[in-house]
file entry.txt (compact mmCIF, C-alpha atoms and all ligand atoms)
# COMPACT_ATOMS: atom_id res chain seq x y z
CA MET A 1 -10.47 -13.26 19.07
CA ASN A 2 -11.67 -10.19 20.98
CA ALA A 3 -13.06 -7.12 19.27
CA PRO A 4 -10.22 -4.59 19.01
CA VAL A 5 -10.35 -1.86 21.65
CA LYS A 6 -10.09 1.81 20.69
CA PRO A 7 -6.50 2.89 21.40
CA ASP A 8 -7.36 6.39 22.60
CA ALA A 9 -9.42 4.77 25.36
CA LEU A 10 -6.25 3.02 26.48
CA GLY A 11 -3.95 6.00 26.57
CA ILE A 12 -1.11 4.17 24.82
CA GLY A 13 1.17 5.94 22.49
CA ALA A 14 -1.39 8.57 21.49
CA ARG A 15 0.32 11.70 20.22
CA PRO A 16 -0.78 14.75 18.31
CA PHE A 17 -0.24 15.00 14.55
CA ALA A 18 1.88 18.16 14.87
CA VAL A 19 5.17 16.37 14.05
CA PRO A 20 7.39 18.24 11.58
CA ASP A 21 6.92 17.18 7.94
CA PRO A 22 8.25 14.87 6.55
CA ILE A 23 9.28 12.12 8.96
CA ILE A 24 11.57 10.46 6.37
CA ARG A 25 13.33 12.00 3.40
CA PHE A 26 15.47 10.03 0.95
CA GLU A 27 17.81 12.29 -1.00
CA GLN A 28 19.43 10.70 -4.06
CA VAL A 29 19.91 7.48 -2.11
CA GLY A 30 21.83 4.61 -3.65
CA LYS A 31 22.73 1.17 -2.38
CA THR A 32 25.24 -1.07 -4.09
CA TYR A 33 25.95 -4.48 -2.60
CA ALA A 34 29.64 -5.29 -2.99
CA GLY A 35 30.38 -8.51 -4.86
CA ARG A 36 33.61 -10.48 -4.84
CA SER A 37 34.67 -8.39 -7.81
CA ARG A 38 33.51 -5.03 -9.12
CA GLN A 39 31.63 -6.81 -11.92
CA GLN A 40 29.64 -8.78 -9.35
CA ALA A 41 28.52 -5.69 -7.41
CA VAL A 42 24.71 -5.23 -7.43
CA ALA A 43 23.25 -1.74 -7.70
CA ALA A 44 20.04 -2.47 -5.72
CA LEU A 45 18.92 1.18 -5.47
CA SER A 46 19.89 4.31 -7.40
CA GLY A 47 18.87 7.97 -7.19
CA ILE A 48 16.01 7.40 -4.73
CA ASP A 49 14.17 10.62 -3.84
CA LEU A 50 11.21 9.93 -1.58
CA THR A 51 9.50 11.71 1.27
CA VAL A 52 7.24 10.14 3.86
CA PRO A 53 5.01 12.83 5.44
CA ALA A 54 4.43 12.48 9.18
CA GLY A 55 1.09 10.81 9.87
CA ALA A 56 0.78 9.27 6.40
CA ILE A 57 0.69 5.69 5.16
CA VAL A 58 3.14 5.42 2.28
CA GLY A 59 3.42 2.25 0.20
CA VAL A 60 6.29 1.18 -2.03
CA ILE A 61 5.28 -1.38 -4.63
CA GLY A 62 7.46 -3.35 -7.00
CA ARG A 63 8.13 -6.79 -8.33
CA SER A 64 10.57 -9.28 -6.85
CA GLY A 65 14.11 -7.92 -6.96
CA ALA A 66 13.00 -4.30 -7.54
CA GLY A 67 14.74 -3.15 -4.34
CA LYS A 68 11.86 -2.89 -1.83
CA SER A 69 13.50 -4.83 1.01
CA THR A 70 16.72 -2.92 0.56
CA LEU A 71 14.85 0.39 0.73
CA ILE A 72 13.02 -0.45 3.97
CA ARG A 73 16.16 -1.95 5.56
CA LEU A 74 17.96 1.36 4.99
CA VAL A 75 15.38 3.08 7.22
CA ASN A 76 16.13 0.97 10.29
CA GLY A 77 19.84 0.66 9.68
CA LEU A 78 19.87 -3.06 8.79
CA GLU A 79 21.58 -1.93 5.58
CA HIS A 80 23.50 1.27 4.94
CA ALA A 81 23.23 3.56 1.93
CA THR A 82 26.27 3.80 -0.34
CA ALA A 83 25.15 7.13 -1.85
CA GLY A 84 22.93 10.04 -0.85
CA ARG A 85 21.33 10.84 2.51
CA ILE A 86 18.36 9.60 4.52
CA LEU A 87 16.90 12.10 6.97
CA ILE A 88 14.61 10.87 9.73
CA GLU A 89 12.94 13.80 11.50
CA GLY A 90 15.67 15.95 10.02
CA GLU A 91 18.53 13.80 11.33
CA ASP A 92 20.93 12.41 8.73
CA VAL A 93 20.87 8.73 9.74
CA THR A 94 23.41 7.78 7.09
CA ALA A 95 25.97 9.39 9.40
CA LEU A 96 24.90 7.47 12.53
CA ASN A 97 27.18 5.08 14.41
CA GLU A 98 25.84 1.89 16.07
CA ALA A 99 24.90 3.70 19.31
CA GLY A 100 23.00 6.29 17.27
CA TRP A 101 21.16 3.55 15.42
CA ARG A 102 20.20 1.80 18.67
CA ARG A 103 18.58 5.05 19.83
CA ARG A 104 16.83 5.55 16.47
CA ARG A 105 15.56 1.97 16.29
CA ARG A 106 13.68 2.43 19.58
CA GLU A 107 11.47 4.90 17.73
CA ILE A 108 10.89 2.58 14.79
CA GLY A 109 8.65 -0.51 14.93
CA MET A 110 8.79 -3.21 12.29
CA ILE A 111 6.53 -6.08 11.25
CA PHE A 112 7.46 -8.89 8.89
CA GLN A 113 5.91 -11.23 6.34
CA HIS A 114 6.69 -14.30 8.47
CA PHE A 115 5.96 -12.55 11.77
CA ASN A 116 9.37 -13.41 13.37
CA LEU A 117 7.85 -14.41 16.74
CA LEU A 118 9.85 -16.43 19.24
CA SER A 119 8.21 -19.86 19.35
CA SER A 120 9.37 -20.64 22.89
CA ARG A 121 7.72 -17.49 24.29
CA THR A 122 4.03 -16.92 24.94
CA VAL A 123 2.11 -14.16 23.20
CA PHE A 124 2.53 -12.01 26.32
CA ASP A 125 6.28 -12.63 26.46
CA ASN A 126 6.75 -11.91 22.75
CA VAL A 127 5.10 -8.51 23.13
CA ALA A 128 7.01 -7.87 26.38
CA LEU A 129 10.40 -8.58 24.81
CA PRO A 130 11.26 -5.08 23.48
CA LEU A 131 10.19 -3.61 26.84
CA GLU A 132 12.42 -6.08 28.73
CA ILE A 133 15.31 -5.13 26.47
CA ALA A 134 14.63 -1.45 27.19
CA GLY A 135 14.78 -2.20 30.96
CA THR A 136 11.13 -1.32 31.62
CA PRO A 137 9.92 -2.22 35.17
CA LYS A 138 7.88 -5.47 35.35
CA ALA A 139 4.64 -3.85 36.54
CA THR A 140 4.77 -1.31 33.69
CA ILE A 141 5.44 -4.12 31.19
CA ALA A 142 2.41 -6.07 32.45
CA SER A 143 -0.03 -3.19 32.07
CA LYS A 144 1.45 -2.09 28.73
CA VAL A 145 1.30 -5.57 27.21
CA GLU A 146 -2.29 -6.01 28.38
CA LYS A 147 -3.30 -2.75 26.70
CA LEU A 148 -1.50 -3.67 23.49
CA LEU A 149 -3.12 -7.11 23.36
CA ALA A 150 -6.51 -5.47 23.87
CA LEU A 151 -5.72 -3.04 21.05
CA VAL A 152 -4.95 -5.84 18.59
CA GLY A 153 -7.90 -7.95 19.75
CA LEU A 154 -5.91 -10.72 21.43
CA ALA A 155 -6.54 -10.11 25.16
CA ASP A 156 -7.67 -13.72 25.55
CA LYS A 157 -4.56 -15.19 23.87
CA SER A 158 -1.97 -13.85 26.29
CA GLY A 159 -0.78 -17.28 27.52
CA ARG A 160 -0.81 -19.00 24.12
CA TYR A 161 2.27 -19.89 22.09
CA PRO A 162 2.75 -18.76 18.46
CA ALA A 163 2.20 -22.31 17.18
CA GLU A 164 -1.33 -22.18 18.61
CA LEU A 165 -2.28 -19.07 16.60
CA SER A 166 -3.53 -18.46 13.05
CA GLY A 167 -1.42 -16.38 10.65
CA GLY A 168 -3.59 -13.31 11.21
CA GLN A 169 -3.33 -13.69 14.99
CA LYS A 170 0.47 -14.05 14.71
CA GLN A 171 0.61 -10.80 12.73
CA ARG A 172 -1.51 -9.10 15.42
CA VAL A 173 1.10 -10.19 17.97
CA GLY A 174 3.76 -8.80 15.63
CA ILE A 175 1.93 -5.47 15.51
CA ALA A 176 1.51 -5.35 19.30
CA ARG A 177 5.23 -6.10 19.74
CA ALA A 178 6.17 -3.40 17.20
CA LEU A 179 4.08 -0.83 19.10
CA ALA A 180 5.47 -1.75 22.53
CA THR A 181 8.11 0.98 22.58
CA ASP A 182 5.70 3.70 21.33
CA PRO A 183 7.35 4.13 17.92
CA LYS A 184 6.65 7.16 15.73
CA LEU A 185 7.20 5.10 12.64
CA LEU A 186 6.06 1.60 11.73
CA LEU A 187 7.81 -0.26 8.91
CA CYS A 188 5.86 -3.12 7.31
CA ASP A 189 7.80 -5.63 5.22
CA GLU A 190 5.24 -7.56 3.10
CA ALA A 191 3.14 -7.78 6.28
CA THR A 192 0.12 -9.41 4.64
CA SER A 193 1.78 -11.46 1.90
CA ALA A 194 1.47 -14.72 3.87
CA LEU A 195 -2.22 -14.15 4.69
CA ASP A 196 -5.47 -14.98 2.89
CA PRO A 197 -7.48 -12.06 1.43
CA GLU A 198 -9.97 -11.85 4.30
CA THR A 199 -7.28 -11.90 6.99
CA THR A 200 -5.31 -9.36 4.92
CA GLN A 201 -8.32 -7.02 5.09
CA SER A 202 -8.53 -7.29 8.87
CA ILE A 203 -4.79 -6.67 9.33
CA LEU A 204 -4.94 -3.67 6.96
CA ALA A 205 -7.89 -2.30 8.96
CA LEU A 206 -5.82 -2.64 12.14
CA LEU A 207 -2.87 -0.85 10.52
CA ARG A 208 -5.17 1.97 9.41
CA GLN A 209 -6.50 2.22 12.96
CA VAL A 210 -2.96 2.35 14.36
CA ASN A 211 -2.12 5.10 11.86
CA ARG A 212 -5.23 7.22 12.33
CA GLU A 213 -5.74 6.84 16.07
CA LEU A 214 -2.18 6.66 17.37
CA GLY A 215 -0.77 9.04 14.73
CA ILE A 216 1.94 6.53 13.77
CA THR A 217 3.44 7.03 10.31
CA ILE A 218 3.58 3.82 8.27
CA LEU A 219 6.02 2.95 5.48
CA LEU A 220 5.17 -0.37 3.88
CA ILE A 221 6.57 -2.42 1.06
CA THR A 222 4.47 -4.86 -0.92
CA HIS A 223 4.07 -6.53 -4.27
CA GLU A 224 0.27 -6.58 -3.82
CA ILE A 225 -1.57 -3.66 -5.40
CA PRO A 226 -4.77 -4.24 -3.33
CA VAL A 227 -2.74 -3.40 -0.20
CA ILE A 228 -1.83 -0.01 -1.67
CA LYS A 229 -5.39 0.58 -2.85
CA GLU A 230 -6.80 -0.24 0.55
CA ILE A 231 -4.73 1.85 2.97
CA CYS A 232 -1.97 3.94 1.39
CA ASP A 233 -2.28 7.73 1.18
CA ARG A 234 0.72 7.83 -1.15
CA VAL A 235 2.43 5.27 -3.35
CA ALA A 236 5.86 4.92 -4.94
CA VAL A 237 6.40 2.41 -7.74
CA ILE A 238 9.90 0.94 -7.82
CA GLU A 239 11.51 -0.91 -10.68
CA GLY A 240 15.13 -1.90 -11.20
CA GLY A 241 16.15 0.01 -8.08
CA ARG A 242 14.57 3.30 -9.22
CA ILE A 243 11.31 5.01 -8.35
CA VAL A 244 9.45 5.26 -11.64
CA GLU A 245 6.34 6.99 -10.31
CA GLU A 246 5.23 8.51 -7.01
CA GLY A 247 2.24 10.46 -5.76
CA GLU A 248 -1.12 10.40 -4.02
CA THR A 249 -2.64 6.95 -4.39
CA PHE A 250 -5.90 8.10 -5.96
CA ALA A 251 -4.13 10.30 -8.53
CA VAL A 252 -1.61 7.60 -9.44
CA PHE A 253 -4.28 4.90 -9.75
CA THR A 254 -6.64 6.97 -11.85
CA ASN A 255 -3.98 8.45 -14.12
CA PRO A 256 -0.87 6.22 -14.13
CA GLN A 257 2.02 7.68 -16.13
CA HIS A 258 4.49 4.80 -16.25
CA PRO A 259 3.72 1.48 -18.02
CA THR A 260 4.71 -0.50 -14.90
CA THR A 261 2.27 1.51 -12.80
CA ALA A 262 -0.42 1.06 -15.44
CA ARG A 263 0.08 -2.73 -15.33
CA PHE A 264 -0.14 -2.79 -11.53
CA VAL A 265 -3.26 -0.65 -11.27
CA GLU A 266 -5.02 -2.36 -14.16
CA ALA A 267 -5.50 -5.34 -11.83
CA VAL A 268 -7.67 -3.29 -9.47
CA THR A 269 -9.13 -0.56 -11.67
CA GLY A 270 -9.47 -2.22 -15.07
CA VAL A 271 -12.57 -3.82 -16.43
CA GLU A 272 -11.89 -6.53 -18.95
CA VAL A 273 -13.73 -7.03 -22.20
CA PRO A 274 -15.77 -10.23 -21.62
CA ALA A 275 -14.26 -13.25 -23.40
CA HIS A 276 -17.35 -13.81 -25.57
CA LEU A 277 -16.95 -10.27 -26.97
CA ALA A 278 -13.17 -9.97 -27.17
CA ASP A 279 -12.94 -12.02 -30.41
CA ARG A 280 -15.65 -9.96 -32.07
CA ILE A 281 -14.17 -6.51 -31.42
CA ARG A 282 -12.90 -4.84 -34.63
CA PRO A 283 -11.04 -1.54 -35.02
CA GLU A 284 -13.48 -0.24 -37.67
CA ALA A 285 -17.26 0.20 -37.72
CA ARG A 286 -19.42 -1.97 -40.01
CA PRO A 287 -23.02 -1.54 -41.02
CA GLY A 288 -25.16 -2.18 -37.94
CA SER A 289 -22.19 -2.55 -35.58
CA GLU A 290 -22.02 -0.95 -32.14
CA ILE A 291 -19.23 1.17 -30.68
CA VAL A 292 -17.66 -0.18 -27.48
CA LEU A 293 -16.64 2.43 -24.90
CA ARG A 294 -14.80 2.25 -21.63
CA ILE A 295 -16.13 4.95 -19.29
CA THR A 296 -14.09 5.87 -16.24
CA PHE A 297 -15.68 7.42 -13.17
CA THR A 298 -13.57 9.16 -10.56
CA GLY A 299 -14.32 10.88 -7.26
CA GLU A 300 -17.48 12.96 -7.36
CA ASN A 301 -18.74 11.76 -10.75
CA ALA A 302 -18.38 8.10 -9.73
CA THR A 303 -22.04 7.92 -8.86
CA ALA A 304 -23.39 9.94 -11.82
CA PRO A 305 -26.50 8.35 -13.36
CA VAL A 306 -24.75 7.89 -16.69
CA ILE A 307 -26.90 5.31 -18.39
CA SER A 308 -30.19 7.07 -17.79
CA ARG A 309 -28.69 10.43 -18.87
CA LEU A 310 -27.35 8.95 -22.10
CA SER A 311 -30.70 7.41 -22.86
CA SER A 312 -32.70 10.52 -22.02
CA VAL A 313 -30.33 13.23 -23.39
CA VAL A 314 -29.01 11.49 -26.49
CA GLY A 315 -31.89 9.07 -26.97
CA VAL A 316 -29.76 5.97 -27.61
CA ASP A 317 -29.98 2.51 -26.10
CA VAL A 318 -26.95 1.70 -23.98
CA ASN A 319 -25.83 -1.91 -23.46
CA ILE A 320 -23.81 -2.56 -20.32
CA LEU A 321 -21.12 -5.16 -21.08
CA ALA A 322 -19.10 -5.15 -17.86
CA GLY A 323 -18.33 -2.86 -14.94
CA ARG A 324 -16.88 -2.40 -11.52
CA ILE A 325 -17.07 0.25 -8.84
CA ASP A 326 -14.63 0.34 -5.99
CA ALA A 327 -12.83 2.68 -3.59
CA ILE A 328 -9.21 3.74 -3.94
CA ALA A 329 -7.70 5.24 -0.81
CA GLY A 330 -11.29 5.78 0.36
CA LYS A 331 -12.49 7.61 -2.79
CA PRO A 332 -14.92 6.01 -5.25
CA PHE A 333 -13.64 4.91 -8.63
CA GLY A 334 -15.43 2.96 -11.31
CA SER A 335 -15.09 1.62 -14.80
CA LEU A 336 -17.90 0.65 -17.16
CA LEU A 337 -17.79 -1.05 -20.53
CA VAL A 338 -20.81 -0.22 -22.71
CA SER A 339 -21.85 -0.46 -26.31
CA VAL A 340 -24.01 2.08 -28.18
CA PRO A 341 -25.06 2.35 -31.84
CA SER A 342 -22.03 3.48 -33.85
CA ARG A 343 -24.00 5.53 -36.34
CA ILE A 344 -22.82 9.09 -36.64
CA PRO A 345 -24.15 11.41 -35.22
CA GLU A 346 -25.36 9.20 -32.33
CA SER A 347 -21.87 8.11 -31.31
CA GLU A 348 -20.61 11.74 -31.50
CA ALA A 349 -23.50 12.81 -29.31
CA VAL A 350 -22.76 10.05 -26.81
CA LEU A 351 -19.10 11.08 -26.52
CA GLY A 352 -20.13 14.74 -26.15
CA ALA A 353 -22.66 13.89 -23.44
CA LEU A 354 -20.05 11.87 -21.54
CA ARG A 355 -17.60 14.76 -21.71
CA ASN A 356 -20.30 17.10 -20.40
CA LEU A 357 -20.77 14.78 -17.45
CA GLY A 358 -17.03 15.13 -16.74
CA LEU A 359 -16.36 11.47 -17.53
CA LYS A 360 -13.40 9.97 -19.37
CA ALA A 361 -14.51 7.82 -22.29
CA GLU A 362 -12.24 5.72 -24.47
CA VAL A 363 -13.24 3.92 -27.65
CA ILE A 364 -12.23 0.25 -27.44
CA GLY A 365 -13.55 -0.80 -30.87
CA HIS A 366 -16.70 -1.98 -32.63
CA VAL A 367 -18.81 -5.13 -32.36
CA SER A 368 -21.39 -6.49 -34.74
N1 LIG B 1 22.79 -8.92 0.69
C1 LIG B 1 22.77 -8.81 -0.64
N2 LIG B 1 23.90 -8.99 -1.36
C2 LIG B 1 23.91 -8.86 -2.69
N3 LIG B 1 22.83 -8.54 -3.43
C3 LIG B 1 21.66 -8.35 -2.77
C4 LIG B 1 21.57 -8.48 -1.35
N4 LIG B 1 20.29 -8.23 -0.99
C5 LIG B 1 19.61 -7.97 -2.14
N5 LIG B 1 20.44 -8.03 -3.20
C6 LIG B 1 20.08 -7.77 -4.61
O1 LIG B 1 19.56 -6.46 -4.68
C7 LIG B 1 18.44 -6.40 -5.58
C8 LIG B 1 17.22 -5.89 -4.83
O2 LIG B 1 16.85 -6.86 -3.85
P1 LIG B 1 15.68 -6.62 -2.79
O3 LIG B 1 15.66 -7.82 -1.89
O4 LIG B 1 15.85 -5.29 -2.18
O5 LIG B 1 14.41 -6.61 -3.75
P2 LIG B 1 12.88 -6.84 -3.38
O6 LIG B 1 12.11 -5.92 -4.26
O7 LIG B 1 12.69 -6.72 -1.93
O8 LIG B 1 12.64 -8.33 -3.82
P3 LIG B 1 11.70 -9.45 -3.10
O9 LIG B 1 10.30 -8.95 -3.23
O10 LIG B 1 11.96 -10.67 -3.94
O11 LIG B 1 12.17 -9.57 -1.70
C9 LIG B 1 18.30 -7.81 -6.14
O12 LIG B 1 18.98 -7.85 -7.36
C10 LIG B 1 18.97 -8.68 -5.11
O13 LIG B 1 19.48 -9.85 -5.70

call {"tool": "encode", "arguments": {"input": "entry.txt", "output": "structure tokens"}}
result
Amino acid sequence: MNAPVKPDALGIGARPFAVPDPIIRFEQVGKTYAGRSRQQAVAALSGIDLTVPAGAIVGVIGRSGAGKSTLIRLVNGLEHATAGRILIEGEDVTALNEAGWRRRRREIGMIFQHFNLLSSRTVFDNVALPLEIAGTPKATIASKVEKLLALVGLADKSGRYPAELSGGQKQRVGIARALATDPKLLLCDEATSALDPETTQSILALLRQVNRELGITILLITHEIPVIKEICDRVAVIEGGRIVEEGETFAVFTNPQHPTTARFVEAVTGVEVPAHLADRIRPEARPGSEIVLRITFTGENATAPVISRLSSVVGVDVNILAGRIDAIAGKPFGSLLVSVPSRIPESEAVLGALRNLGLKAEVIGHVS
């Protein structure tokens, strides 16, 4: 695979960020699938209010059946809302006829979990397809496809067939094809769910590059919280067809309000009590026991020298039991599990010192 080429050097699709905000607005959107009888009708989405700012990467996360596919299919007209309005660049697309949708879809690219490439066409011909459909002259198609394949790092795979490519390479072809008509908006339907973690990282890096350097807004749906953590500026959590929480990714991850969100983010922000300690943790202190604390670091204080400060300021020994430090939407975030002597006033002093450092500390229990 070739090293990806910088898109601005290629002059494809680059556009300024000065597009009116937001690019998509859902207003009280509902979608009910009709059943054979009224009792069999399925309310897949209800009361959806969501905005996708131009230039952002917005992720919608939810479990199977939550309504993610339905939501994304409403944006490219593969399904139609049964309540509310969807505005794309201010245009109410819920009122569009088929001709209107054909025009809209040219400005929307989409990539899929299973890539949806045509197996009888080469890589070149797969990427060329939307341009052929749009009636683009052959010479223009050739130069455009070459640039797109260079962008996604597949310039040397032009004559290959999908069956000869890895999953990650197939998704790169999918991305090149989705960008062929210079869309303003890219929809990603579980785009990395069929890929291993390392390939997922490289595809997410490519999507971030497409977003930042071409100014293309991305709306993605996923059931994988690491995808949101890695590239999304904003996140909406969907459950039972309703958005239960929405906001900037860092804020939502570091202070989840809804139990479903808390369960999702726990997988990437939580630090578990080690198994050998879990059985020994008690709610009350005993003579000689130690207090177990979970300390959370966010943003600027994520790199604070906590342990040395506690030792020098409070004069207690701090045992590190477990910890992790990571980045959420590019900002550092960490969690540390420690134990300190639970004698009062030492434990009071420790909690006070942590507060002074601007850190969140939570008492988990006591171990002897
Ligand atoms: N064409 C359809 N006809 C009837 N019901 C449907 C249809 N498509 C989806 N549903 C129902 O709507 C609800 C939401 O489905 P949807 O596919 O949007 O969820 P999802 O979050 O994308 O799930 P998954 O991750 O499993 O794809 C489910 O109860 C599903 O059974």

call {"tool": "residues_near_ligand", "arguments": {"input": "entry.txt", "ligand": "ligand LIG 1 (chain B)", "cutoff": "7 Å", "atoms": "all atoms listed in the file", "output": "compact mmCIF listing (two decimals) with C-alpha atoms, keeping the file's coordinate frame"}}
result
# COMPACT_ATOMS: atom_id res chain seq x y z
CA TYR A 33 25.95 -4.48 -2.60
CA ALA A 34 29.64 -5.29 -2.99
CA GLY A 35 30.38 -8.51 -4.86
CA VAL A 42 24.71 -5.23 -7.43
CA ALA A 43 23.25 -1.74 -7.70
CA ALA A 44 20.04 -2.47 -5.72
CA GLY A 62 7.46 -3.35 -7.00
CA ARG A 63 8.13 -6.79 -8.33
CA SER A 64 10.57 -9.28 -6.85
CA GLY A 65 14.11 -7.92 -6.96
CA ALA A 66 13.00 -4.30 -7.54
CA GLY A 67 14.74 -3.15 -4.34
CA LYS A 68 11.86 -2.89 -1.83
CA SER A 69 13.50 -4.83 1.01
CA THR A 70 16.72 -2.92 0.56
CA LEU A 71 14.85 0.39 0.73
CA HIS A 223 4.07 -6.53 -4.27
CA GLY A 241 16.15 0.01 -8.08

call {"tool": "residues_around", "arguments": {"input": "entry.txt", "residues": "Lys360 in chain A", "least_positions_apart": "3", "cutoff": "7 Å", "atoms": "only C-alpha atoms", "output": "VMD selection string"}}
result
chain A and resid 295 to 296 355

call {"tool": "closest_residue", "arguments": {"input": "entry.txt", "among": "A:Lys229, A:Arg242, A:Arg38, A:Lys170", "to": "Pro332 in chain A", "atoms": "all atoms listed in the file"}}
result
A:Lys229

call {"tool": "atom_distance", "arguments": {"input": "entry.txt", "atom1": "CA of Val58 in chain A", "atom2": "CA of Val268 in chain A"}}
result
18.2 Å

call {"tool": "atom_distance", "arguments": {"input": "entry.txt", "atom1": "CA of Ile325 in chain A", "atom2": "CA of Pro256 in chain A"}}
result
18.1 Å

call {"tool": "atom_distance", "arguments": {"input": "entry.txt", "atom1": "CA of Ser158 in chain A", "atom2": "CA of Phe124 in chain A"}}
result
4.9 Å

call {"tool": "closest_residue", "arguments": {"input": "entry.txt", "among": "A:Val314, A:Val350, A:Ala361, A:Thr260", "to": "Ile243 in chain A", "atoms": "only C-alpha atoms"}}
result
A:Thr260

call {"tool": "closest_residue", "arguments": {"input": "entry.txt", "among": "A:Lys147, A:Arg25, A:Arg294, A:Arg280", "to": "Gly84 in chain A", "atoms": "all atoms listed in the file"}}
result
A:Arg25

call {"tool": "residues_near_point", "arguments": {"input": "entry.txt", "point": "(-5.8, -12.7, 22.1)", "cutoff": "12 Å", "atoms": "only C-alpha atoms", "output": "JSON, numbers by chain"}}
result
{"A": [1, 2, 3, 4, 5, 122, 123, 124, 127, 145, 146, 147, 148, 149, 150, 151, 152, 153, 154, 155, 156, 157, 158, 159, 160, 161, 162, 164, 165, 166, 168, 169, 170, 171, 172, 173, 176]}

call {"tool": "residues_around", "arguments": {"input": "entry.txt", "residues": "Asp196 in chain A", "least_positions_apart": "5", "cutoff": "12 Å", "atoms": "only C-alpha atoms", "output": "list in words"}}
result
Ser166, Gly167, Gly168, Ala191, Gln201, Ser202 and Ile203 of chain A

call {"tool": "closest_residue", "arguments": {"input": "entry.txt", "among": "A:Thr192, A:Ser368, A:Gln113, A:Thr254", "to": "Ser335 in chain A", "atoms": "all atoms listed in the file"}}
result
A:Thr254

call {"tool": "closest_residue", "arguments": {"input": "entry.txt", "among": "A:Val235, A:Leu179, A:Leu129, A:Ile24", "to": "Glu91 in chain A", "atoms": "all atoms listed in the file"}}
result
A:Ile24

call {"tool": "closest_residue", "arguments": {"input": "entry.txt", "among": "A:Glu348, A:Glu248, A:Glu132, A:Asp125", "to": "Ile228 in chain A", "atoms": "all atoms listed in the file"}}
result
A:Glu248

call {"tool": "residues_around", "arguments": {"input": "entry.txt", "residues": "Leu220 in chain A", "least_positions_apart": "4", "cutoff": "10 Å", "atoms": "only C-alpha atoms", "output": "CSV table (one decimal) with C-alpha atoms, keeping the file's coordinate frame"}}
result
chain,number,residue,atom,x,y,z
A,57,ILE,CA,0.7,5.7,5.2
A,58,VAL,CA,3.1,5.4,2.3
A,59,GLY,CA,3.4,2.2,0.2
A,60,VAL,CA,6.3,1.2,-2.0
A,61,ILE,CA,5.3,-1.4,-4.6
A,68,LYS,CA,11.9,-2.9,-1.8
A,69,SER,CA,13.5,-4.8,1.0
A,72,ILE,CA,13.0,-0.4,4.0
A,110,MET,CA,8.8,-3.2,12.3
A,111,ILE,CA,6.5,-6.1,11.2
A,186,LEU,CA,6.1,1.6,11.7
A,187,LEU,CA,7.8,-0.3,8.9
A,188,CYS,CA,5.9,-3.1,7.3
A,189,ASP,CA,7.8,-5.6,5.2
A,190,GLU,CA,5.2,-7.6,3.1
A,191,ALA,CA,3.1,-7.8,6.3
A,227,VAL,CA,-2.7,-3.4,-0.2
A,228,ILE,CA,-1.8,0.0,-1.7
A,232,CYS,CA,-2.0,3.9,1.4
A,235,VAL,CA,2.4,5.3,-3.4

call {"tool": "residues_around", "arguments": {"input": "entry.txt", "residues": "Ser311 in chain A", "least_positions_apart": "3", "cutoff": "12 Å", "atoms": "only C-alpha atoms", "output": "ChimeraX atom specification"}}
result
/A:305-308,314-319,340-341,346,349-350,353-354

call {"tool": "build_atoms", "arguments": {"input": "entry.txt", "residues": "range 143-153 of chain A", "atoms": "N, CA and C atoms", "output": "JSON list (two decimals), in the frame of the given file"}}
result
[["chain", "number", "residue", "atom", "x", "y", "z"],
["A", 143, "SER", "N", 1.14, -3.98, 32.46],
["A", 143, "SER", "CA", -0.03, -3.19, 32.07],
["A", 143, "SER", "C", 0.05, -2.77, 30.61],
["A", 144, "LYS", "N", 1.28, -2.49, 30.14],
["A", 144, "LYS", "CA", 1.45, -2.09, 28.73],
["A", 144, "LYS", "C", 1.07, -3.23, 27.78],
["A", 145, "VAL", "N", 1.57, -4.43, 28.09],
["A", 145, "VAL", "CA", 1.30, -5.57, 27.21],
["A", 145, "VAL", "C", -0.20, -5.86, 27.18],
["A", 146, "GLU", "N", -0.83, -5.78, 28.34],
["A", 146, "GLU", "CA", -2.29, -6.01, 28.38],
["A", 146, "GLU", "C", -3.03, -5.04, 27.47],
["A", 147, "LYS", "N", -2.64, -3.76, 27.55],
["A", 147, "LYS", "CA", -3.30, -2.75, 26.70],
["A", 147, "LYS", "C", -3.05, -3.03, 25.22],
["A", 148, "LEU", "N", -1.82, -3.41, 24.90],
["A", 148, "LEU", "CA", -1.50, -3.67, 23.49],
["A", 148, "LEU", "C", -2.27, -4.88, 22.96],
["A", 149, "LEU", "N", -2.37, -5.92, 23.80],
["A", 149, "LEU", "CA", -3.12, -7.11, 23.36],
["A", 149, "LEU", "C", -4.59, -6.78, 23.19],
["A", 150, "ALA", "N", -5.11, -5.90, 24.04],
["A", 150, "ALA", "CA", -6.51, -5.47, 23.87],
["A", 150, "ALA", "C", -6.65, -4.70, 22.56],
["A", 151, "LEU", "N", -5.69, -3.84, 22.29],
["A", 151, "LEU", "CA", -5.72, -3.04, 21.05],
["A", 151, "LEU", "C", -5.79, -3.93, 19.81],
["A", 152, "VAL", "N", -4.99, -4.99, 19.79],
["A", 152, "VAL", "CA", -4.95, -5.84, 18.59],
["A", 152, "VAL", "C", -5.98, -6.97, 18.64],
["A", 153, "GLY", "N", -6.81, -6.97, 19.68],
["A", 153, "GLY", "CA", -7.90, -7.95, 19.75],
["A", 153, "GLY", "C", -7.47, -9.32, 20.21]]
